[in-house]
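Containing PDB, C-alpha atoms and all ligand atoms: my_file.pdb.
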```
ATOM      1  CA  MET A  15     -28.391 166.961 277.588
ATOM      2  CA  THR A  16     -27.643 165.573 274.113
ATOM      3  CA  PRO A  17     -27.660 161.757 274.171
ATOM      4  CA  GLN A  18     -24.196 160.289 273.679
ATOM      5  CA  PRO A  19     -23.669 157.902 270.767
ATOM      6  CA  PRO A  20     -23.334 154.294 271.972
ATOM      7  CA  ILE A  21     -19.917 152.703 272.492
ATOM      8  CA  ARG A  22     -19.368 150.332 269.560
ATOM      9  CA  ILE A  23     -17.875 146.895 270.230
ATOM     10  CA  ALA A  24     -17.352 144.138 267.672
ATOM     11  CA  VAL A  25     -17.309 140.541 268.912
ATOM     12  CA  VAL A  26     -14.725 138.702 266.829
ATOM     13  CA  GLY A  27     -13.523 135.138 267.293
ATOM     14  CA  HIS A  28     -13.399 131.558 266.136
ATOM     15  CA  THR A  29     -16.501 130.033 264.645
ATOM     16  CA  ASN A  30     -18.849 128.211 267.039
ATOM     17  CA  ALA A  31     -17.211 129.794 270.091
ATOM     18  CA  GLY A  32     -20.473 131.227 271.428
ATOM     19  CA  LYS A  33     -20.264 134.804 270.089
ATOM     20  CA  THR A  34     -23.958 135.112 269.261
ATOM     21  CA  SER A  35     -24.926 133.363 272.507
ATOM     22  CA  LEU A  36     -22.766 135.827 274.462
ATOM     23  CA  LEU A  37     -24.571 138.782 272.889
ATOM     24  CA  ARG A  38     -27.968 137.223 273.591
ATOM     25  CA  THR A  39     -26.942 136.926 277.248
ATOM     26  CA  LEU A  40     -25.388 140.381 277.569
ATOM     27  CA  THR A  41     -28.307 142.188 275.954
ATOM     28  CA  ARG A  42     -30.988 139.791 277.285
ATOM     29  CA  ARG A  43     -32.396 139.399 273.772
ATOM     30  CA  VAL A  44     -33.071 135.696 273.373
ATOM     31  CA  GLY A  45     -34.218 136.135 269.782
ATOM     32  CA  PHE A  46     -31.065 137.895 268.560
ATOM     33  CA  GLY A  47     -29.290 136.269 265.621
ATOM     34  CA  GLU A  48     -29.152 132.524 265.083
ATOM     35  CA  VAL A  49     -27.477 130.060 267.430
ATOM     36  CA  SER A  50     -26.675 126.469 266.544
ATOM     37  CA  GLN A  51     -24.221 123.660 267.247
ATOM     38  CA  ARG A  52     -22.949 123.915 263.671
ATOM     39  CA  PRO A  53     -19.987 126.172 262.836
ATOM     40  CA  GLY A  54     -20.583 128.988 260.342
ATOM     41  CA  THR A  55     -24.040 129.951 261.647
ATOM     42  CA  THR A  56     -23.644 133.748 261.611
ATOM     43  CA  ARG A  57     -23.054 134.799 258.007
ATOM     44  CA  HIS A  58     -23.302 138.616 258.197
ATOM     45  CA  VAL A  59     -22.411 141.360 260.661
ATOM     46  CA  GLU A  60     -25.463 142.227 262.737
ATOM     47  CA  SER A  61     -25.780 144.794 265.533
ATOM     48  CA  VAL A  62     -27.647 144.612 268.824
ATOM     49  CA  ASP A  63     -27.956 147.385 271.419
ATOM     50  CA  LEU A  64     -27.526 147.182 275.160
ATOM     51  CA  ASP A  65     -30.039 149.707 276.468
ATOM     52  CA  VAL A  66     -29.610 151.657 279.689
ATOM     53  CA  ASP A  67     -32.483 153.904 280.808
ATOM     54  CA  GLY A  68     -34.135 153.457 277.427
ATOM     55  CA  ALA A  69     -31.107 154.592 275.368
ATOM     56  CA  ALA A  70     -28.519 152.479 273.568
ATOM     57  CA  ALA A  71     -25.386 152.585 275.763
ATOM     58  CA  VAL A  72     -23.403 149.918 273.898
ATOM     59  CA  ARG A  73     -23.892 148.764 270.307
ATOM     60  CA  PHE A  74     -22.447 145.270 269.823
ATOM     61  CA  PHE A  75     -21.651 143.874 266.401
ATOM     62  CA  ASP A  76     -21.878 140.106 265.969
ATOM     63  CA  THR A  77     -19.583 138.803 263.224
ATOM     64  CA  PRO A  78     -19.080 135.603 261.229
ATOM     65  CA  GLY A  79     -16.420 133.283 262.709
ATOM     66  CA  LEU A  80     -12.833 133.934 261.650
ATOM     67  CA  GLU A  81     -12.656 130.630 259.756
ATOM     68  CA  ASP A  82     -15.533 131.774 257.553
ATOM     69  CA  ALA A  83     -13.905 135.156 257.033
ATOM     70  CA  VAL A  84     -10.703 133.397 255.879
ATOM     71  CA  ALA A  85     -12.566 131.248 253.354
ATOM     72  CA  ARG A  86     -14.549 134.231 252.051
ATOM     73  CA  GLU A  87     -11.495 136.497 251.695
ATOM     74  CA  VAL A  88      -9.464 133.811 249.898
ATOM     75  CA  TRP A  89     -12.388 133.193 247.544
ATOM     76  CA  GLU A  90     -12.987 136.884 246.852
ATOM     77  CA  GLU A  91      -9.337 137.757 246.264
ATOM     78  CA  THR A  92      -7.997 134.637 244.514
ATOM     79  CA  GLY A  93     -11.026 132.642 243.345
ATOM     80  CA  ILE A  94      -9.740 129.600 245.307
ATOM     81  CA  ARG A  95     -12.118 127.593 247.509
ATOM     82  CA  VAL A  96     -10.549 126.551 250.822
ATOM     83  CA  ARG A  97     -11.668 124.359 253.702
ATOM     84  CA  ASP A  98     -10.402 123.481 257.186
ATOM     85  CA  ALA A  99      -9.086 126.971 258.000
ATOM     86  CA  ARG A 100      -7.018 126.616 261.176
ATOM     87  CA  TYR A 101      -5.699 129.402 263.399
ATOM     88  CA  VAL A 102      -1.912 129.426 263.809
ATOM     89  CA  ALA A 103      -0.847 132.721 265.397
ATOM     90  CA  ALA A 104      -1.573 136.433 265.655
ATOM     91  CA  GLN A 105       0.577 139.541 265.547
ATOM     92  CA  PRO A 106      -0.241 143.157 266.451
ATOM     93  CA  TRP A 107       0.068 145.391 263.405
ATOM     94  CA  PRO A 108       1.378 148.948 263.595
ATOM     95  CA  PHE A 109      -1.683 150.556 262.019
ATOM     96  CA  PRO A 110      -4.266 151.681 264.586
ATOM     97  CA  HIS A 111      -6.658 149.074 265.971
ATOM     98  CA  SER A 112      -5.316 146.243 263.828
ATOM     99  CA  MET A 113      -4.140 142.701 264.366
ATOM    100  CA  MET A 114      -2.794 140.259 261.790
ATOM    101  CA  ILE A 115      -4.276 136.791 262.282
ATOM    102  CA  GLY A 116      -2.580 133.844 260.582
ATOM    103  CA  PHE A 117      -4.442 130.760 259.388
ATOM    104  CA  THR A 118      -3.622 127.732 257.297
ATOM    105  CA  ALA A 119      -6.266 126.136 255.070
ATOM    106  CA  THR A 120      -6.591 123.368 252.510
ATOM    107  CA  ALA A 121      -7.353 124.372 248.927
ATOM    108  CA  GLU A 122     -10.185 122.567 247.180
ATOM    109  CA  THR A 123      -9.613 124.287 243.835
ATOM    110  CA  GLU A 124      -6.403 125.425 242.138
ATOM    111  CA  ASP A 125      -7.372 127.936 239.441
ATOM    112  CA  ILE A 126      -6.469 131.485 240.420
ATOM    113  CA  THR A 127      -8.510 134.562 239.511
ATOM    114  CA  ILE A 128      -7.106 137.562 241.352
ATOM    115  CA  ASP A 129      -8.999 140.615 242.518
ATOM    116  CA  ALA A 130      -6.608 143.240 241.113
ATOM    117  CA  ASP A 131      -7.813 145.891 243.577
ATOM    118  CA  GLU A 132      -6.604 143.772 246.487
ATOM    119  CA  LEU A 133      -3.730 141.675 245.138
ATOM    120  CA  GLU A 134      -0.872 142.408 242.759
ATOM    121  CA  ASP A 135      -0.186 138.750 242.017
ATOM    122  CA  ALA A 136      -0.933 135.232 243.254
ATOM    123  CA  GLN A 137       0.806 132.019 242.282
ATOM    124  CA  TRP A 138       1.284 128.469 243.574
ATOM    125  CA  PHE A 139       4.726 127.441 244.801
ATOM    126  CA  THR A 140       6.104 124.155 246.099
ATOM    127  CA  ALA A 141       7.997 124.021 249.388
ATOM    128  CA  SER A 142      11.307 123.562 247.566
ATOM    129  CA  GLU A 143      10.616 126.540 245.298
ATOM    130  CA  LEU A 144       9.874 128.669 248.366
ATOM    131  CA  SER A 145      13.098 127.509 250.000
ATOM    132  CA  SER A 146      15.079 128.932 247.076
ATOM    133  CA  PHE A 147      13.554 132.422 247.469
ATOM    134  CA  GLY A 148      15.845 135.241 248.608
ATOM    135  CA  GLU A 149      15.681 136.849 252.040
ATOM    136  CA  TRP A 150      13.596 140.002 252.443
ATOM    137  CA  GLU A 151      16.711 142.205 252.478
ATOM    138  CA  ASP A 152      18.048 140.737 249.195
ATOM    139  CA  GLU A 153      16.806 143.217 246.632
ATOM    140  CA  THR A 154      18.458 141.325 243.774
ATOM    141  CA  ALA A 155      16.231 138.250 244.204
ATOM    142  CA  THR A 156      13.226 137.835 241.863
ATOM    143  CA  PHE A 157      11.130 136.395 244.704
ATOM    144  CA  ARG A 158      11.783 137.271 248.345
ATOM    145  CA  LEU A 159      10.511 135.726 251.572
ATOM    146  CA  PRO A 160       8.685 137.997 254.029
ATOM    147  CA  ARG A 161      10.680 139.543 256.906
ATOM    148  CA  LYS A 162      11.776 137.056 259.585
ATOM    149  CA  ASP A 163       9.721 138.815 262.295
ATOM    150  CA  SER A 164       6.471 138.680 260.298
ATOM    151  CA  ILE A 165       3.577 136.313 260.729
ATOM    152  CA  ALA A 166       3.635 135.647 256.974
ATOM    153  CA  ARG A 167       7.157 134.257 257.349
ATOM    154  CA  ALA A 168       6.220 132.152 260.370
ATOM    155  CA  LEU A 169       3.358 130.592 258.379
ATOM    156  CA  LEU A 170       5.625 129.860 255.409
ATOM    157  CA  ASP A 171       8.446 128.422 257.559
ATOM    158  CA  GLN A 172       6.014 126.173 259.409
ATOM    159  CA  TRP A 173       4.455 124.922 256.179
ATOM    160  CA  ILE A 174       7.859 124.290 254.537
ATOM    161  CA  SER A 175       9.062 122.260 257.532
ATOM    162  CA  GLU A 176       5.832 120.223 257.525
ATOM    163  CA  GLN A 177       6.295 119.380 253.833
ATOM    164  CA  ARG A 178       9.806 118.076 254.519
ATOM    165  CA  ARG A 179       8.723 115.635 257.209
TER     166      ARG A 179
HETATM  167  N1  LIG A 201     -21.576 124.669 277.047
HETATM  168  C1  LIG A 201     -21.735 125.878 276.511
HETATM  169  N2  LIG A 201     -22.196 125.954 275.252
HETATM  170  C2  LIG A 201     -22.348 127.177 274.741
HETATM  171  C3  LIG A 201     -22.014 128.373 275.423
HETATM  172  N3  LIG A 201     -22.252 129.430 274.614
HETATM  173  C4  LIG A 201     -22.721 128.918 273.466
HETATM  174  N4  LIG A 201     -22.787 127.569 273.542
HETATM  175  C5  LIG A 201     -23.231 126.649 272.489
HETATM  176  O1  LIG A 201     -22.230 126.670 271.469
HETATM  177  C6  LIG A 201     -22.821 126.559 270.180
HETATM  178  C7  LIG A 201     -22.382 127.740 269.307
HETATM  179  O2  LIG A 201     -22.937 128.938 269.817
HETATM  180  P1  LIG A 201     -23.103 130.234 268.896
HETATM  181  O3  LIG A 201     -23.533 131.348 269.812
HETATM  182  O4  LIG A 201     -23.929 129.922 267.700
HETATM  183  O5  LIG A 201     -21.590 130.444 268.478
HETATM  184  P2  LIG A 201     -20.990 131.501 267.420
HETATM  185  O6  LIG A 201     -19.588 131.803 267.891
HETATM  186  O7  LIG A 201     -21.900 132.656 267.264
HETATM  187  O8  LIG A 201     -20.921 130.588 266.121
HETATM  188  P3  LIG A 201     -20.839 131.009 264.543
HETATM  189  O9  LIG A 201     -21.818 132.108 264.307
HETATM  190  O10 LIG A 201     -21.196 129.733 263.837
HETATM  191  O11 LIG A 201     -19.405 131.423 264.304
HETATM  192  C8  LIG A 201     -24.326 126.518 270.403
HETATM  193  O12 LIG A 201     -24.727 125.163 270.382
HETATM  194  C9  LIG A 201     -24.495 127.120 271.791
HETATM  195  O13 LIG A 201     -25.670 126.628 272.433
HETATM  196  C10 LIG A 201     -21.523 128.241 276.767
HETATM  197  O14 LIG A 201     -21.208 129.205 277.434
HETATM  198  N5  LIG A 201     -21.416 126.967 277.243
HETATM  199 MG    MG A 202     -22.846 133.355 265.600
END
```
Taking this structure as input, can you express it in the form of structure tokens?
Ligand SMILES: Nc1nc2c(ncn2[C@@H]2O[C@H](COP(=O)(O)OP(=O)(O)OP(=O)(O)O)[C@@H](O)[C@H]2O)c(=O)[nH]1
Ligand SMILES: [Mg+2]
Amino acid sequence: MTPQPPIRIAVVGHTNAGKTSLLRTLTRRVGFGEVSQRPGTTRHVESVDLDVDGAAAVRFFDTPGLEDAVAREVWEETGIRVRDARYVAAQPWPFPHSMMIGFTATAETEDITIDADELEDAQWFTASELSSFGEWEDETATFRLPRKDSIARALLDQWISEQRR
């Protein structure tokens, strides 16, 4: 019988939640990856197999914590350094196997250098500037807010109300 390829499972979650430790336990490989009390320990995706009868039945992928992924993506796509990434909410996304995950973070630098393959534009706006943007449906507006049912809008609305306090 031809061996079946292993089931592939990625372990994704907050930093320092015990992702690498979980995989060490599940696969009984005490030397897998690096475990520490510090956040941001796992820096790259790394796989580890769960063997059954000498063949890999499940291939797990350990991943960097979401907070690190946020900081790396913001840096790669805008050239801005951010810290204190904090999870706010998540939303299923209608493409297969996807989920939008919303974070806030504090910028440490302000200069923007966009990655033109990923972003069309990036700019800074104050809360009052954002409040004057048109609604998503208003095609006459120069700048429009995201749809009301989107996570992008929820993040913006939350941030605007915090700035007004
Ligand atoms: N009390 C307790 N501590 C745990 C458990 N699992 C992991 N830890 C501890 O939590 C800390 C983080 O564990 P890691 O496995 O490095 O967590 P991680 O999610 O891979 O972290 P990053 O790679 O930094 O995102 C370590 O000090 C672990 O010893 C658990 O089930 N209970
Ligand atoms: Mg880890």
All residues 10 Å or closer to Gln105 in chain A, all atoms listed in the file, same chain fewer than 2 positions away omitted, as number ranges by chain: A: 103, 107-108, 112-116, 163-166
Name the residues in contact with Val72 in chain A at a cut-off of 6 Å, using only C-alpha atoms, excluding same-chain residues fewer than 4 positions from it; report them as a VMD selection string. chain A and resid 20 to 22 63 to 64
Tell me which residues come within 9 Å of (-9.0, 127.0, 251.9), as a list of chain:residue names, counting only C-alpha atoms in the file's coordinates.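 Neighbouring residues, ordered by chain and number, come to A:Val84, A:Ala85, A:Val88, A:Trp89, A:Ile94, A:Arg95, A:Val96, A:Arg97, A:Asp98, A:Ala99, A:Thr118, A:Ala119, A:Thr120, A:Ala121, A:Glu122, A:Thr123.
Our summary of the geometry notes that CA of Phe46 in chain A is positioned 18.9 Å from CA of His28 in chain A.
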Would you list the residues that come within 12 Å of ligand MG 202 (chain A)? Count all atoms listed in the file and give the answer as a PyMOL selection string. chain A and resi 25-38+46-61+75-80+82
Rank nothing, just name the residue among A:Glu81, A:Asp131, A:Asp67, A:Asp152 nearest to ligand LIG 201 (chain A), using all atoms listed in the file. A:Glu81
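The two atoms in question, atom O3 of ligand LIG 201 (chain A) and CA of Arg73 in chain A, are spaced 17.4 Å apart.
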Counting all atoms listed in the file, which residue out of A:Thr154, A:Gln18, A:Thr39, A:Thr92 sits closest to Ala70 in chain A?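 Nearest candidate to Ala70 in chain A out of A:Thr154, A:Gln18, A:Thr39, A:Thr92: A:Gln18.
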Report, in Å to a single decimal, how far apart atom O3 of ligand LIG 201 (chain A) and CA of Val66 in chain A are.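 Going from CA of Val66 in chain A over to atom O3 of ligand LIG 201 (chain A) covers 23.4 Å.
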So, counting only C-alpha atoms and all ligand atoms, which residue among A:Ile23, A:Ala136, A:Ala130, A:Ala83 is closest to ligand LIG 201 (chain A)?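 The answer is A:Ala83, which sits nearest to ligand LIG 201 (chain A).
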Could you name the residues that touch Phe157 in chain A at 9 Å or less, counting all atoms listed in the file, but leaving out those on the same chain fewer than 3 positions away, as a list in words? Leu144, Ser146, Phe147, Gly148, Glu149, Trp150 and Thr154 of chain A
Taking all listed atoms of range 147-163 of chain A, build the axis-aligned box, pad each of the six sides by 8 Å, then write its centre and edge lengths in Å to one decimal as AutoDock Vina command-line options.
```
--center_x 13.6 --center_y 137.8 --center_z 252.1 --size_x 25.8 --size_y 26.8 --size_z 36.4
```
